[in-house]
file structure10.pdb (PDB, C-alpha atoms)
ATOM      1  CA  MET A   1     202.290 -17.760 -13.982
ATOM      2  CA  LYS A   2     198.538 -17.487 -13.518
ATOM      3  CA  LEU A   3     196.097 -20.171 -12.440
ATOM      4  CA  GLN A   4     194.714 -20.159 -15.994
ATOM      5  CA  GLY A   5     198.082 -21.426 -17.223
ATOM      6  CA  LEU A   6     198.002 -24.264 -14.724
ATOM      7  CA  LEU A   7     194.587 -25.345 -15.974
ATOM      8  CA  ASP A   8     195.884 -25.327 -19.542
ATOM      9  CA  ILE A   9     198.816 -27.589 -18.637
ATOM     10  CA  LEU A  10     196.566 -30.072 -16.867
ATOM     11  CA  HIS A  11     193.842 -29.841 -19.536
ATOM     12  CA  ILE A  12     191.229 -29.186 -16.885
ATOM     13  CA  GLY A  13     188.038 -27.279 -17.614
ATOM     14  CA  HIS A  14     187.312 -23.908 -16.035
ATOM     15  CA  GLN A  15     184.214 -25.254 -14.337
ATOM     16  CA  LEU A  16     186.356 -26.656 -11.503
ATOM     17  CA  ILE A  17     187.414 -23.179 -10.363
ATOM     18  CA  ASP A  18     185.580 -19.856 -10.086
ATOM     19  CA  ARG A  19     186.322 -17.737 -13.143
ATOM     20  CA  LYS A  20     187.306 -14.818 -10.939
ATOM     21  CA  ASP A  21     190.248 -16.884  -9.679
ATOM     22  CA  LEU A  22     191.700 -17.661 -13.107
ATOM     23  CA  ASN A  23     193.934 -14.568 -13.066
ATOM     24  CA  GLN A  24     195.326 -15.433  -9.653
ATOM     25  CA  GLU A  25     199.119 -15.097  -9.745
ATOM     26  CA  LEU A  26     201.035 -18.166  -8.579
ATOM     27  CA  THR A  27     204.323 -17.419  -6.836
ATOM     28  CA  GLY A  28     206.087 -20.778  -6.915
ATOM     29  CA  VAL A  29     205.846 -24.523  -7.424
ATOM     30  CA  THR A  30     207.204 -27.356  -5.283
ATOM     31  CA  ASP A  31     206.624 -30.946  -4.233
ATOM     32  CA  ASP A  32     208.119 -30.303  -0.781
ATOM     33  CA  SER A  33     205.548 -28.974   1.705
ATOM     34  CA  ARG A  34     208.352 -27.431   3.793
ATOM     35  CA  GLU A  35     209.265 -25.134   0.893
ATOM     36  CA  VAL A  36     205.724 -23.849   0.343
ATOM     37  CA  LYS A  37     205.166 -20.106   0.698
ATOM     38  CA  GLU A  38     202.199 -17.832   0.138
ATOM     39  CA  GLY A  39     200.751 -18.331  -3.342
ATOM     40  CA  PHE A  40     202.611 -21.581  -4.143
ATOM     41  CA  VAL A  41     201.348 -24.577  -6.084
ATOM     42  CA  PHE A  42     201.956 -27.759  -4.085
ATOM     43  CA  VAL A  43     202.191 -30.929  -6.182
ATOM     44  CA  ALA A  44     201.524 -34.033  -4.071
ATOM     45  CA  VAL A  45     203.984 -36.491  -5.607
ATOM     46  CA  ARG A  46     203.859 -40.092  -4.472
ATOM     47  CA  GLY A  47     207.452 -40.978  -3.623
ATOM     48  CA  TYR A  48     209.031 -44.333  -2.939
ATOM     49  CA  ARG A  49     209.213 -43.634   0.784
ATOM     50  CA  VAL A  50     206.948 -40.618   1.249
ATOM     51  CA  ASP A  51     203.522 -39.787  -0.196
ATOM     52  CA  GLY A  52     203.007 -36.082  -0.809
ATOM     53  CA  HIS A  53     199.274 -36.503  -0.246
ATOM     54  CA  ASN A  54     200.056 -36.894   3.464
ATOM     55  CA  TYR A  55     201.516 -33.364   3.540
ATOM     56  CA  ILE A  56     198.740 -31.445   1.803
ATOM     57  CA  GLU A  57     197.413 -29.878   5.021
ATOM     58  CA  GLU A  58     200.934 -28.758   5.961
ATOM     59  CA  ALA A  59     201.309 -27.180   2.509
ATOM     60  CA  ILE A  60     198.019 -25.326   2.971
ATOM     61  CA  SER A  61     199.029 -24.046   6.400
ATOM     62  CA  ASN A  62     202.296 -22.778   4.874
ATOM     63  CA  GLY A  63     200.371 -20.706   2.322
ATOM     64  CA  ALA A  64     199.679 -22.904  -0.714
ATOM     65  CA  SER A  65     197.059 -21.471  -3.083
ATOM     66  CA  VAL A  66     196.471 -24.596  -5.176
ATOM     67  CA  ILE A  67     196.982 -28.313  -4.642
ATOM     68  CA  VAL A  68     197.710 -30.672  -7.526
ATOM     69  CA  CYS A  69     197.079 -34.282  -6.519
ATOM     70  CA  GLU A  70     195.993 -37.696  -7.747
ATOM     71  CA  GLU A  71     193.065 -38.095  -5.370
ATOM     72  CA  LYS A  72     189.672 -36.407  -5.199
ATOM     73  CA  LEU A  73     189.823 -34.205  -2.090
ATOM     74  CA  ASP A  74     186.639 -32.138  -1.840
ATOM     75  CA  HIS A  75     187.253 -31.252   1.814
ATOM     76  CA  LEU A  76     190.178 -28.891   1.132
ATOM     77  CA  SER A  77     189.932 -25.195   1.990
ATOM     78  CA  ILE A  78     191.691 -24.203  -1.268
ATOM     79  CA  PRO A  79     191.252 -25.346  -4.892
ATOM     80  CA  PHE A  80     192.639 -28.746  -5.839
ATOM     81  CA  LEU A  81     193.326 -30.028  -9.335
ATOM     82  CA  GLN A  82     193.326 -33.759  -9.964
ATOM     83  CA  THR A  83     195.712 -35.444 -12.394
ATOM     84  CA  ASP A  84     196.787 -38.993 -13.205
ATOM     85  CA  ASN A  85     200.527 -38.463 -12.746
ATOM     86  CA  CYS A  86     201.827 -35.816 -10.364
ATOM     87  CA  ARG A  87     205.458 -36.661 -11.108
ATOM     88  CA  LYS A  88     205.004 -35.901 -14.788
ATOM     89  CA  VAL A  89     202.996 -32.700 -14.409
ATOM     90  CA  LEU A  90     205.416 -31.345 -11.779
ATOM     91  CA  GLY A  91     208.046 -30.876 -14.497
ATOM     92  CA  LEU A  92     205.552 -29.358 -16.931
ATOM     93  CA  ILE A  93     204.276 -26.898 -14.315
ATOM     94  CA  ALA A  94     207.818 -25.956 -13.247
ATOM     95  CA  SER A  95     208.864 -25.421 -16.865
ATOM     96  CA  GLU A  96     205.885 -23.156 -17.525
ATOM     97  CA  PHE A  97     206.383 -21.280 -14.254
ATOM     98  CA  TYR A  98     209.991 -20.462 -15.155
ATOM     99  CA  GLY A  99     209.142 -19.519 -18.736
ATOM    100  CA  ASN A 100     210.183 -22.766 -20.481
ATOM    101  CA  PRO A 101     213.889 -21.898 -20.159
ATOM    102  CA  SER A 102     215.232 -24.847 -22.186
ATOM    103  CA  PHE A 103     213.936 -23.181 -25.356
ATOM    104  CA  ASP A 104     216.141 -20.117 -24.775
ATOM    105  CA  LYS A 105     219.488 -21.921 -24.937
ATOM    106  CA  ILE A 106     221.263 -24.927 -26.400
ATOM    107  CA  VAL A 107     220.696 -27.944 -24.133
ATOM    108  CA  ILE A 108     222.852 -31.074 -24.433
ATOM    109  CA  GLY A 109     221.950 -34.279 -22.583
ATOM    110  CA  VAL A 110     224.437 -37.109 -22.029
ATOM    111  CA  THR A 111     223.288 -40.544 -20.902
ATOM    112  CA  GLY A 112     224.741 -44.049 -20.610
ATOM    113  CA  THR A 113     226.128 -46.317 -17.905
ATOM    114  CA  ASN A 114     229.755 -45.187 -18.133
ATOM    115  CA  GLY A 115     231.348 -42.036 -19.454
ATOM    116  CA  LYS A 116     228.580 -39.521 -18.725
ATOM    117  CA  THR A 117     230.693 -37.318 -16.468
ATOM    118  CA  THR A 118     233.803 -37.433 -18.663
ATOM    119  CA  THR A 119     231.897 -36.807 -21.884
ATOM    120  CA  SER A 120     229.940 -33.952 -20.307
ATOM    121  CA  HIS A 121     233.131 -32.254 -19.108
ATOM    122  CA  LEU A 122     234.752 -32.728 -22.521
ATOM    123  CA  ILE A 123     231.744 -31.146 -24.244
ATOM    124  CA  LYS A 124     231.822 -28.238 -21.808
ATOM    125  CA  HIS A 125     235.558 -27.772 -22.427
ATOM    126  CA  LEU A 126     235.141 -27.793 -26.206
ATOM    127  CA  CYS A 127     232.221 -25.366 -26.068
ATOM    128  CA  GLU A 128     234.181 -22.932 -23.931
ATOM    129  CA  LYS A 129     237.235 -23.227 -26.169
ATOM    130  CA  ASN A 130     234.972 -22.143 -29.022
ATOM    131  CA  GLY A 131     233.822 -19.032 -27.174
ATOM    132  CA  TYR A 132     230.557 -20.228 -25.607
ATOM    133  CA  SER A 133     229.667 -19.910 -21.946
ATOM    134  CA  CYS A 134     228.463 -23.196 -20.514
ATOM    135  CA  SER A 135     226.417 -24.394 -17.537
ATOM    136  CA  MET A 136     226.659 -28.011 -16.439
ATOM    137  CA  PHE A 137     224.515 -30.248 -14.260
ATOM    138  CA  GLY A 138     226.372 -33.385 -13.278
ATOM    139  CA  THR A 139     227.221 -35.966 -10.653
ATOM    140  CA  ILE A 140     229.881 -33.857  -8.953
ATOM    141  CA  ASP A 141     228.277 -30.427  -8.977
ATOM    142  CA  TYR A 142     226.113 -27.993 -10.879
ATOM    143  CA  ILE A 143     227.888 -25.076 -12.567
ATOM    144  CA  VAL A 144     225.726 -22.099 -13.492
ATOM    145  CA  ASN A 145     227.053 -18.692 -14.569
ATOM    146  CA  ASP A 146     230.561 -19.884 -13.637
ATOM    147  CA  GLN A 147     229.457 -20.612 -10.066
ATOM    148  CA  ALA A 148     229.538 -24.143  -8.620
ATOM    149  CA  VAL A 149     226.699 -25.510  -6.513
ATOM    150  CA  PRO A 150     227.091 -28.932  -4.836
ATOM    151  CA  GLY A 151     225.049 -31.589  -6.623
ATOM    152  CA  ILE A 152     222.616 -33.662  -4.583
ATOM    153  CA  GLN A 153     221.519 -35.942  -7.436
ATOM    154  CA  THR A 154     222.864 -36.518 -10.944
ATOM    155  CA  THR A 155     219.539 -35.184 -12.178
ATOM    156  CA  PRO A 156     217.996 -32.704  -9.705
ATOM    157  CA  SER A 157     214.264 -32.457  -9.031
ATOM    158  CA  ALA A 158     212.149 -30.819 -11.749
ATOM    159  CA  PRO A 159     211.541 -27.499  -9.908
ATOM    160  CA  VAL A 160     215.248 -27.164  -9.015
ATOM    161  CA  LEU A 161     216.329 -28.033 -12.542
ATOM    162  CA  GLN A 162     213.930 -25.572 -14.176
ATOM    163  CA  ARG A 163     214.928 -22.823 -11.728
ATOM    164  CA  LEU A 164     218.630 -23.354 -12.450
ATOM    165  CA  LEU A 165     217.939 -23.327 -16.194
ATOM    166  CA  ALA A 166     216.065 -20.044 -15.800
ATOM    167  CA  GLU A 167     218.884 -18.536 -13.717
ATOM    168  CA  SER A 168     221.528 -19.578 -16.238
ATOM    169  CA  LYS A 169     222.754 -16.789 -18.495
ATOM    170  CA  ASP A 170     225.073 -19.219 -20.277
ATOM    171  CA  ASP A 171     224.763 -20.015 -23.978
ATOM    172  CA  ILE A 172     224.824 -23.779 -23.525
ATOM    173  CA  VAL A 173     223.721 -26.216 -20.821
ATOM    174  CA  VAL A 174     225.337 -29.664 -20.632
ATOM    175  CA  MET A 175     223.451 -32.156 -18.527
ATOM    176  CA  GLU A 176     224.244 -35.657 -17.298
ATOM    177  CA  VAL A 177     220.992 -37.588 -17.553
ATOM    178  CA  SER A 178     220.381 -40.597 -15.316
ATOM    179  CA  SER A 179     217.903 -43.382 -15.959
ATOM    180  CA  HIS A 180     216.362 -42.661 -12.548
ATOM    181  CA  GLY A 181     215.838 -39.025 -13.542
ATOM    182  CA  LEU A 182     214.110 -40.090 -16.750
ATOM    183  CA  GLU A 183     211.928 -42.713 -15.075
ATOM    184  CA  GLN A 184     210.924 -40.263 -12.352
ATOM    185  CA  TYR A 185     210.040 -37.491 -14.849
ATOM    186  CA  ARG A 186     212.592 -35.038 -13.385
ATOM    187  CA  LEU A 187     213.401 -33.869 -16.931
ATOM    188  CA  GLU A 188     209.813 -33.385 -17.998
ATOM    189  CA  GLY A 189     209.377 -30.036 -19.733
ATOM    190  CA  ILE A 190     212.985 -29.860 -21.002
ATOM    191  CA  ALA A 191     213.623 -29.814 -24.751
ATOM    192  CA  PHE A 192     217.096 -30.949 -25.856
ATOM    193  CA  ASP A 193     219.138 -29.854 -28.867
ATOM    194  CA  TYR A 194     221.629 -32.726 -28.687
ATOM    195  CA  CYS A 195     221.479 -36.064 -26.888
ATOM    196  CA  VAL A 196     224.445 -38.420 -26.459
ATOM    197  CA  PHE A 197     224.386 -42.165 -25.765
ATOM    198  CA  THR A 198     227.720 -43.517 -24.482
ATOM    199  CA  ASN A 199     227.060 -47.202 -23.684
ATOM    200  CA  LEU A 200     224.916 -49.501 -21.573
ATOM    201  CA  HIS A 201     226.188 -52.113 -19.105
ATOM    202  CA  GLN A 202     224.605 -54.023 -16.257
ATOM    203  CA  ASP A 203     223.883 -51.485 -13.539
ATOM    204  CA  HIS A 204     220.887 -50.269 -11.513
ATOM    205  CA  LEU A 205     219.121 -53.574 -12.160
ATOM    206  CA  ASP A 206     217.874 -53.486  -8.574
ATOM    207  CA  TYR A 207     215.766 -50.577  -9.831
ATOM    208  CA  HIS A 208     215.056 -51.493 -13.467
ATOM    209  CA  PHE A 209     215.051 -55.323 -13.016
ATOM    210  CA  SER A 210     216.207 -56.040 -16.590
ATOM    211  CA  MET A 211     218.514 -54.623 -19.244
ATOM    212  CA  GLU A 212     215.520 -54.124 -21.520
ATOM    213  CA  ASN A 213     213.833 -51.911 -18.908
ATOM    214  CA  TYR A 214     217.113 -50.075 -18.315
ATOM    215  CA  PHE A 215     217.489 -49.464 -22.054
ATOM    216  CA  SER A 216     213.876 -48.323 -22.318
ATOM    217  CA  ALA A 217     214.453 -45.767 -19.543
ATOM    218  CA  LYS A 218     217.581 -44.391 -21.255
ATOM    219  CA  SER A 219     215.827 -44.269 -24.631
ATOM    220  CA  LYS A 220     213.247 -41.804 -23.337
ATOM    221  CA  LEU A 221     215.819 -39.006 -23.528
ATOM    222  CA  PHE A 222     215.991 -39.254 -27.320
ATOM    223  CA  TYR A 223     212.297 -38.538 -27.648
ATOM    224  CA  MET A 224     212.660 -35.266 -25.723
ATOM    225  CA  MET A 225     214.576 -33.395 -28.438
ATOM    226  CA  LYS A 226     213.466 -30.262 -30.246
ATOM    227  CA  GLU A 227     212.357 -30.641 -33.856
ATOM    228  CA  THR A 228     215.852 -29.592 -34.912
ATOM    229  CA  GLY A 229     217.503 -31.853 -32.328
ATOM    230  CA  GLU A 230     220.147 -34.462 -33.125
ATOM    231  CA  ALA A 231     221.446 -37.523 -31.297
ATOM    232  CA  VAL A 232     225.022 -38.851 -31.168
ATOM    233  CA  ILE A 233     225.273 -42.591 -30.541
ATOM    234  CA  ASN A 234     228.138 -45.006 -29.931
ATOM    235  CA  THR A 235     227.077 -47.926 -32.140
ATOM    236  CA  ASP A 236     230.076 -50.069 -31.169
ATOM    237  CA  ASP A 237     227.977 -50.679 -28.070
ATOM    238  CA  HIS A 238     225.257 -53.309 -28.645
ATOM    239  CA  TRP A 239     222.560 -51.169 -27.028
ATOM    240  CA  GLY A 240     223.741 -48.115 -28.932
ATOM    241  CA  GLU A 241     223.309 -50.047 -32.169
ATOM    242  CA  LYS A 242     219.794 -50.982 -31.082
ATOM    243  CA  LEU A 243     219.019 -47.363 -30.219
ATOM    244  CA  ALA A 244     220.232 -46.152 -33.624
ATOM    245  CA  GLU A 245     217.994 -48.705 -35.347
ATOM    246  CA  GLN A 246     215.049 -47.579 -33.225
ATOM    247  CA  LEU A 247     215.618 -43.895 -33.987
ATOM    248  CA  THR A 248     215.944 -44.681 -37.693
ATOM    249  CA  GLU A 249     212.572 -46.422 -37.626
ATOM    250  CA  ASP A 250     211.070 -43.416 -35.839
ATOM    251  CA  SER A 251     212.700 -40.880 -38.224
ATOM    252  CA  ILE A 252     214.647 -39.175 -35.427
ATOM    253  CA  THR A 253     217.836 -37.431 -36.593
ATOM    254  CA  HIS A 254     221.027 -38.987 -35.269
ATOM    255  CA  GLU A 255     224.705 -39.484 -36.056
ATOM    256  CA  THR A 256     226.738 -42.558 -35.208
ATOM    257  CA  VAL A 257     230.261 -43.087 -33.889
ATOM    258  CA  GLY A 258     231.915 -46.487 -34.400
ATOM    259  CA  ARG A 259     233.974 -48.852 -36.506
ATOM    260  CA  ARG A 260     231.339 -49.661 -39.120
ATOM    261  CA  LYS A 261     231.782 -48.056 -42.543
ATOM    262  CA  THR A 262     228.213 -46.796 -42.323
ATOM    263  CA  CYS A 263     229.012 -44.672 -39.253
ATOM    264  CA  ASP A 264     228.981 -40.895 -39.640
ATOM    265  CA  TYR A 265     232.219 -40.810 -37.638
ATOM    266  CA  GLU A 266     233.882 -44.059 -38.737
ATOM    267  CA  ILE A 267     236.812 -45.126 -36.587
ATOM    268  CA  ILE A 268     239.497 -46.193 -39.039
ATOM    269  CA  GLN A 269     242.230 -46.664 -36.482
ATOM    270  CA  LEU A 270     242.161 -46.509 -32.682
ATOM    271  CA  SER A 271     245.429 -46.230 -30.744
ATOM    272  CA  PRO A 272     244.983 -46.720 -26.973
ATOM    273  CA  GLU A 273     248.691 -46.122 -26.306
ATOM    274  CA  SER A 274     248.451 -42.592 -27.690
ATOM    275  CA  SER A 275     244.783 -42.102 -26.711
ATOM    276  CA  SER A 276     243.890 -41.141 -30.259
ATOM    277  CA  ALA A 277     241.812 -42.242 -33.207
ATOM    278  CA  VAL A 278     241.806 -41.668 -36.929
ATOM    279  CA  ILE A 279     238.246 -41.198 -38.121
ATOM    280  CA  SER A 280     236.556 -40.693 -41.444
ATOM    281  CA  GLU A 281     234.251 -37.690 -41.340
ATOM    282  CA  GLU A 282     232.472 -36.598 -44.516
ATOM    283  CA  LYS A 283     235.020 -38.470 -46.667
ATOM    284  CA  ARG A 284     238.053 -36.883 -45.006
ATOM    285  CA  GLU A 285     240.374 -38.347 -42.416
ATOM    286  CA  VAL A 286     240.700 -36.567 -39.080
ATOM    287  CA  ILE A 287     242.929 -37.379 -36.101
ATOM    288  CA  VAL A 288     241.179 -36.931 -32.751
ATOM    289  CA  ARG A 289     243.318 -37.056 -29.609
ATOM    290  CA  SER A 290     241.907 -37.597 -26.141
ATOM    291  CA  PRO A 291     243.400 -35.674 -23.200
ATOM    292  CA  LEU A 292     242.696 -38.776 -21.089
ATOM    293  CA  LYS A 293     244.186 -42.253 -21.285
ATOM    294  CA  GLY A 294     242.292 -45.382 -22.260
ATOM    295  CA  THR A 295     240.167 -46.685 -25.103
ATOM    296  CA  HIS A 296     236.959 -45.707 -23.309
ATOM    297  CA  ASN A 297     238.147 -42.107 -23.088
ATOM    298  CA  VAL A 298     238.875 -42.072 -26.811
ATOM    299  CA  TYR A 299     235.221 -42.968 -27.344
ATOM    300  CA  ASN A 300     234.142 -40.275 -24.880
ATOM    301  CA  THR A 301     236.268 -37.722 -26.726
ATOM    302  CA  LEU A 302     234.946 -38.792 -30.127
ATOM    303  CA  GLN A 303     231.364 -38.315 -28.988
ATOM    304  CA  ALA A 304     232.168 -34.908 -27.515
ATOM    305  CA  TYR A 305     233.852 -34.035 -30.832
ATOM    306  CA  ALA A 306     230.779 -35.216 -32.760
ATOM    307  CA  VAL A 307     228.537 -32.881 -30.750
TER     308      VAL A 307
END
call {"tool": "encode", "arguments": {"input": "structure10.pdb", "output": "C-alpha cells"}}
result
Amino acid sequence: MKLQGLLDILHIGHQLIDRKDLNQELTGVTDDSREVKEGFVFVAVRGYRVDGHNYIEEAISNGASVIVCEEKLDHLSIPFLQTDNCRKVLGLIASEFYGNPSFDKIVIGVTGTNGKTTTSHLIKHLCEKNGYSCSMFGTIDYIVNDQAVPGIQTTPSAPVLQRLLAESKDDIVVMEVSSHGLEQYRLEGIAFDYCVFTNLHQDHLDYHFSMENYFSAKSKLFYMMKETGEAVINTDDHWGEKLAEQLTEDSITHETVGRRKTCDYEIIQLSPESSSAVISEEKREVIVRSPLKGTHNVYNTLQAYAV
C-alpha cells in the first residue's frame, strides 16, 4: 500500500504532503504503538481507557512513517493526516492494506444475544460437509487454514481481523459478530455475503443503556453486505421481526425463519423432544433435525440450514 492510497481512503488532498512522498510504500498499520515498525501507519484511536494520541511520539520513535489522528499536530517530525473518526478509518486502512480480503471469499456474519457460537459452528459444519474449507472467528478461538488461534475478543481488532482474512486460504469465513465490535468499528472494511440474526435479549445494557441502542448496534451488520448479500432472520423474536420490517423498507434482501405463514422457512411443527422441526420451504415440507437438544438449538439449526 502506498501513501497515495491512504490519502484516497481519508479523502485528503495532496497539498498536505509533498508529491514526491505519494509513492512511499507503507509496511503495516496498527493502533498499538508497541507494534509499530519501520514504515508503519500509526492510527491514534481514542480508547475507553487509553488515548492513542498520547503514544504518537512512541510510535514515531519505533519507526512510524505516517500518523493518522483526530487532532491537528503540526509539530510532528513525520506527516500526519487528520480525520474525524480514527476508529472507523482504522478498519478501512487495514482492509486496503491487506488487499480488501473479504471480497475474495464468502463471508458469513452471525449476530444476536444468544446462539451466535452454536449457529456459527453449525454453519461451519454444514459448509465443510458440502466440500468447502472454512475459517471461523468466534468467542472460543479463531480457526484459519485448519489451525486454531486462541481468541482474545469475539470480534478482534480491525488490523488483526483483516490480516487473518488475508492469511485465510479457506473458501468461506464464518464470523461471530458482537455489538461491541460493530459499535467500535472493528468490522469496518468487511463486506458480508450472508448475515444471520438469532435473537435479542437484555444484555450489555451497561454498555448500550437501552434495548433500542442495543438493537441499533446489531442492525449495523445488515448494512455491511455486498450487493448480492442476503440476511437470515429469526422473526419469532420480536427484535428479529422489527429488523425484517426495517430491511424490507430499505430494500435489503433477506429471508425469514419462523412460525408465520409468510416466512420463507415456515415452521409447521417444532418437536423439542426430538430436537427437530418440520418446515415449509418453497411449498415443500422438509424435516430438519438438530444435533443438539432444546428448542433454541432447533432455531439455531434452522438458521444454519437457511444459510
call {"tool": "resolve_selection", "arguments": {"input": "structure10.pdb", "expression": "the PyMOL selection byres ((chain A and resi 258) around 12)", "output": "ChimeraX atom specification"}}
result
/A:198-199,232-238,240-241,244,255-257,259-270,277-281,298-300,302-303,306
call {"tool": "resolve_selection", "arguments": {"input": "structure10.pdb", "expression": "the PyMOL selection byres ((chain A and resi 213-215) around 12)", "output": "VMD selection string"}}
result
chain A and resid 111 to 113 178 to 180 182 to 183 197 199 to 212 216 to 222 238 to 243 246
call {"tool": "atom_distance", "arguments": {"input": "structure10.pdb", "atom1": "CA of Ile67 in chain A", "atom2": "CA of Leu165 in chain A"}}
result
24.4 Å
call {"tool": "closest_residue", "arguments": {"input": "structure10.pdb", "among": "A:Glu167, A:Asp84, A:Asp250, A:Glu25", "to": "Cys69 in chain A", "atoms": "all atoms listed in the file"}}
result
A:Asp84
call {"tool": "residues_around", "arguments": {"input": "structure10.pdb", "residues": "Asp171 in chain A", "least_positions_apart": "6", "cutoff": "8 Å", "atoms": "all atoms listed in the file", "output": "list in words"}}
result
Lys105, Ile106, Tyr132, Ser133, Cys134 and Ser135 of chain A
call {"tool": "write_last_selection", "arguments": {"input": "structure10.pdb", "atoms": "C-alpha atoms", "output": "PDB file, keeping the file's coordinate frame"}}
result
ATOM      1  CA  LYS A 105     219.488 -21.921 -24.937  1.00  0.00           C
ATOM      2  CA  ILE A 106     221.263 -24.927 -26.400  1.00  0.00           C
ATOM      3  CA  TYR A 132     230.557 -20.228 -25.607  1.00  0.00           C
ATOM      4  CA  SER A 133     229.667 -19.910 -21.946  1.00  0.00           C
ATOM      5  CA  CYS A 134     228.463 -23.196 -20.514  1.00  0.00           C
ATOM      6  CA  SER A 135     226.417 -24.394 -17.537  1.00  0.00           C
TER       7      SER A 135
END
call {"tool": "atom_distance", "arguments": {"input": "structure10.pdb", "atom1": "CA of Ala64 in chain A", "atom2": "CA of Asp51 in chain A"}}
result
17.3 Å
call {"tool": "residues_around", "arguments": {"input": "structure10.pdb", "residues": "Cys195 in chain A", "least_positions_apart": "6", "cutoff": "7 Å", "atoms": "all atoms listed in the file", "output": "ChimeraX atom specification"}}
result
/A:108-110,222,230-232
call {"tool": "closest_residue", "arguments": {"input": "structure10.pdb", "among": "A:Leu7, A:Val50, A:Leu164, A:Ile60", "to": "Ser33 in chain A", "atoms": "only C-alpha atoms"}}
result
A:Ile60
call {"tool": "resolve_selection", "arguments": {"input": "structure10.pdb", "expression": "the PyMOL selection byres ((chain A and resi 24) around 6)", "output": "short mmCIF file (atom, residue, chain, number, x, y, z; two decimals) with C-alpha atoms, in the coordinates of the input"}}
result
data_model
loop_
_atom_site.label_atom_id
_atom_site.label_comp_id
_atom_site.auth_asym_id
_atom_site.auth_seq_id
_atom_site.Cartn_x
_atom_site.Cartn_y
_atom_site.Cartn_z
CA LYS A 2 198.54 -17.49 -13.52
CA LEU A 3 196.10 -20.17 -12.44
CA ASP A 21 190.25 -16.88 -9.68
CA LEU A 22 191.70 -17.66 -13.11
CA ASN A 23 193.93 -14.57 -13.07
CA GLU A 25 199.12 -15.10 -9.74
#
call {"tool": "atom_distance", "arguments": {"input": "structure10.pdb", "atom1": "CA of Pro159 in chain A", "atom2": "CA of Leu81 in chain A"}}
result
18.4 Å
call {"tool": "residues_around", "arguments": {"input": "structure10.pdb", "residues": "Val36 in chain A", "least_positions_apart": "6", "cutoff": "8 Å", "atoms": "only C-alpha atoms", "output": "ChimeraX atom specification"}}
result
/A:28-30,42,59,62-64
call {"tool": "closest_residue", "arguments": {"input": "structure10.pdb", "among": "A:Ser275, A:Gln4, A:Ser120, A:Asn85", "to": "Arg46 in chain A", "atoms": "only C-alpha atoms"}}
result
A:Asn85
call {"tool": "closest_residue", "arguments": {"input": "structure10.pdb", "among": "A:Leu6, A:Met225, A:Cys86, A:Ala148", "to": "Gln184 in chain A", "atoms": "all atoms listed in the file"}}
result
A:Cys86
call {"tool": "axis_aligned_box", "arguments": {"input": "structure10.pdb", "around": "range 111-114 of chain A", "padding_each_side": "4 Å", "output": "lines of an AutoDock Vina configuration file"}}
result
center_x = 226.5
center_y = -43.4
center_z = -19.4
size_x = 14.5
size_y = 13.8
size_z = 11.0
call {"tool": "residues_around", "arguments": {"input": "structure10.pdb", "residues": "Ala94 in chain A", "least_positions_apart": "3", "cutoff": "10 Å", "atoms": "all atoms listed in the file", "output": "list of chain:residue names"}}
result
A:Met1, A:Gly28, A:Val29, A:Thr30, A:Val41, A:Val89, A:Leu90, A:Gly91, A:Phe97, A:Tyr98, A:Gly99, A:Asn100, A:Ala158, A:Pro159, A:Val160, A:Leu161, A:Gln162, A:Arg163, A:Glu188, A:Gly189
call {"tool": "closest_residue", "arguments": {"input": "structure10.pdb", "among": "A:Cys127, A:Val288, A:Val177, A:Ile12", "to": "Gly115 in chain A", "atoms": "all atoms listed in the file"}}
result
A:Val177
call {"tool": "closest_residue", "arguments": {"input": "structure10.pdb", "among": "A:Lys129, A:Lys226, A:Arg289, A:Arg186", "to": "Arg87 in chain A", "atoms": "only C-alpha atoms"}}
result
A:Arg186
